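Visitor: Structure file structure-v5.tsv (TSV, C-alpha atoms) is given on the next line.
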```
chain	number	residue	atom	x	y	z
J	402	MET	CA	-18.13	15.76	-16.83
J	403	MET	CA	-15.85	13.18	-15.19
J	404	PRO	CA	-13.60	14.22	-12.29
J	405	ARG	CA	-9.99	14.81	-13.29
J	406	HIS	CA	-8.39	14.12	-9.92
J	407	PHE	CA	-8.83	11.60	-7.13
J	408	TYR	CA	-7.36	12.17	-3.66
J	409	VAL	CA	-7.13	9.75	-0.74
J	410	ALA	CA	-5.96	10.77	2.73
J	411	ILE	CA	-5.47	8.37	5.62
J	412	HIS	CA	-4.42	9.11	9.19
J	413	TRP	CA	-2.92	5.93	10.68
J	414	LYS	CA	-3.18	6.02	14.48
J	415	ASP	CA	-1.50	2.72	15.43
J	416	PRO	CA	2.01	3.62	16.72
J	417	GLN	CA	3.22	0.03	16.29
J	418	PRO	CA	1.67	-1.52	13.17
J	419	TYR	CA	1.00	-5.22	13.48
J	420	GLY	CA	3.01	-7.64	11.40
J	421	GLN	CA	5.13	-5.21	9.41
J	422	PHE	CA	8.40	-6.26	10.98
J	423	ALA	CA	8.65	-9.28	8.71
J	424	PHE	CA	8.15	-7.74	5.26
J	425	ASN	CA	10.93	-5.43	4.13
J	426	PRO	CA	9.68	-3.43	1.12
J	427	ARG	CA	13.11	-3.62	-0.52
J	428	TYR	CA	13.08	-7.42	-0.66
J	429	GLN	CA	9.46	-8.53	-0.14
J	430	ALA	CA	7.33	-5.80	-1.69
J	431	ASN	CA	4.73	-8.36	-2.79
J	432	LYS	CA	4.05	-9.30	0.88
J	433	GLY	CA	2.99	-5.89	2.23
J	434	TRP	CA	-0.69	-6.90	2.26
J	435	ALA	CA	0.00	-9.65	4.82
J	436	GLY	CA	0.20	-7.27	7.81
J	437	ASP	CA	-1.35	-3.91	8.60
J	438	ALA	CA	-1.75	-2.27	5.22
J	439	VAL	CA	-4.03	0.00	3.28
J	440	GLN	CA	-5.27	-1.59	0.07
J	441	LEU	CA	-7.04	0.25	-2.73
J	442	ARG	CA	-8.48	-1.29	-5.87
J	443	ILE	CA	-9.07	1.19	-8.66
J	444	LYS	CA	-10.66	0.47	-12.03
J	445	THR	CA	-10.15	2.99	-14.82
J	446	ASP	CA	-9.01	1.88	-18.25
J	447	ARG	CA	-7.16	-0.88	-16.35
J	448	ILE	CA	-7.36	-2.41	-12.89
J	449	SER	CA	-4.80	-1.12	-10.38
J	450	HIS	CA	-4.04	-2.58	-6.96
J	451	LEU	CA	-2.30	-0.23	-4.51
J	452	THR	CA	-0.92	-1.57	-1.24
J	453	ALA	CA	0.68	0.81	1.27
J	454	TRP	CA	2.32	-0.08	4.58
J	455	TYR	CA	4.94	1.10	7.04
J	456	TYR	CA	8.12	-0.86	7.69
J	457	ALA	CA	8.99	0.07	11.29
J	458	PRO	CA	12.56	-1.35	11.61
J	459	THR	CA	13.94	1.15	9.07
J	460	ASP	CA	11.25	3.79	9.63
J	461	GLU	CA	10.15	3.75	5.99
J	462	PRO	CA	6.78	3.87	4.26
J	463	ALA	CA	6.18	1.57	1.30
J	464	LEU	CA	3.82	1.52	-1.67
J	465	GLN	CA	3.38	-1.28	-4.20
J	466	ILE	CA	1.31	-0.83	-7.36
J	467	SER	CA	0.23	-3.81	-9.45
J	468	TYR	CA	-1.69	-3.63	-12.72
J	469	GLY	CA	-4.07	-5.89	-14.56
J	470	ARG	CA	-5.25	-8.31	-11.88
J	471	ASP	CA	-8.89	-9.20	-11.29
```
I need this file expressed as structure tokens, please.
Guide:
Amino acid sequence: MMPRHFYVAIHWKDPQPYGQFAFNPRYQANKGWAGDAVQLRIKTDRISHLTAWYYAPTDEPALQISYGRD
């Protein structure tokens, strides 16, 4: 029987993430990978790329999900 759920937990310890001052998730969501970021590649019935990062100037977390890339 295949698992029905998948959980990922990450505790980020860096109080000042490197490089995330330049990429505002509201205007440059496709650039989050260029600094400190967590990237997951998941293959189910389609390939999913998840990129998560923290944008320090506005104190906001960000998550971008892209589908169908190799």
Visitor: If you count all atoms listed in the file, which residues fall within 9 Å of Pro426 (chain J), apart from same-chain ones fewer than 3 positions away, as a list in words?
Guide: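 With the cut-off at 9 Å, the set is Gln429, Ala430, Asn431, Lys432, Gly433, Trp454, Tyr455, Tyr456, Glu461, Pro462, Ala463, Leu464 and Gln465 of chain J.
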Visitor: Rank nothing, just name the residue among J:Lys414, J:Met402, J:Gly469, J:Tyr408 nearest to Asp446 (chain J), using all atoms listed in the file.
Guide: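 For Asp446 (chain J), the nearest of the given residues is J:Gly469.
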Visitor: Go through J:Met403, J:Phe424, J:Ala410, J:Tyr468 one by one, measure the shortest atom-to-atom distance of each to Arg447 (chain J) using all atoms listed in the file, and give the residue with the smallest value.
Guide: J:Tyr468
Visitor: CA of Leu441 (chain J) to CA of Pro458 (chain J): how many Å, to one decimal?
Guide: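 That distance, rounded to one decimal, is 24.3 Å.
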Visitor: Mind giving me the straight-line distance from CA of Ala457 (chain J) to CA of Phe407 (chain J) in Å, one decimal?
Guide: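 Between these atoms lies a distance of 28.1 Å.
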Visitor: Would you work out the distance separating CA of Ala435 (chain J) from CA of Ser449 (chain J), expressed in Å to one decimal?
Guide: 18.1 Å
Visitor: Between J:Val409, J:Ile448, J:Ala438, J:Ala453, which has the minimum distance to Ser467 (chain J) (counting all atoms listed in the file)?
Guide: J:Ile448
Visitor: For Val439 (chain J), which of J:Ile411, J:Thr452, J:His406, J:Arg427 is the closest residue, counting all atoms listed in the file?
Guide: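 Going through J:Ile411, J:Thr452, J:His406, J:Arg427 one by one, the smallest distance to Val439 (chain J) is for J:Thr452.
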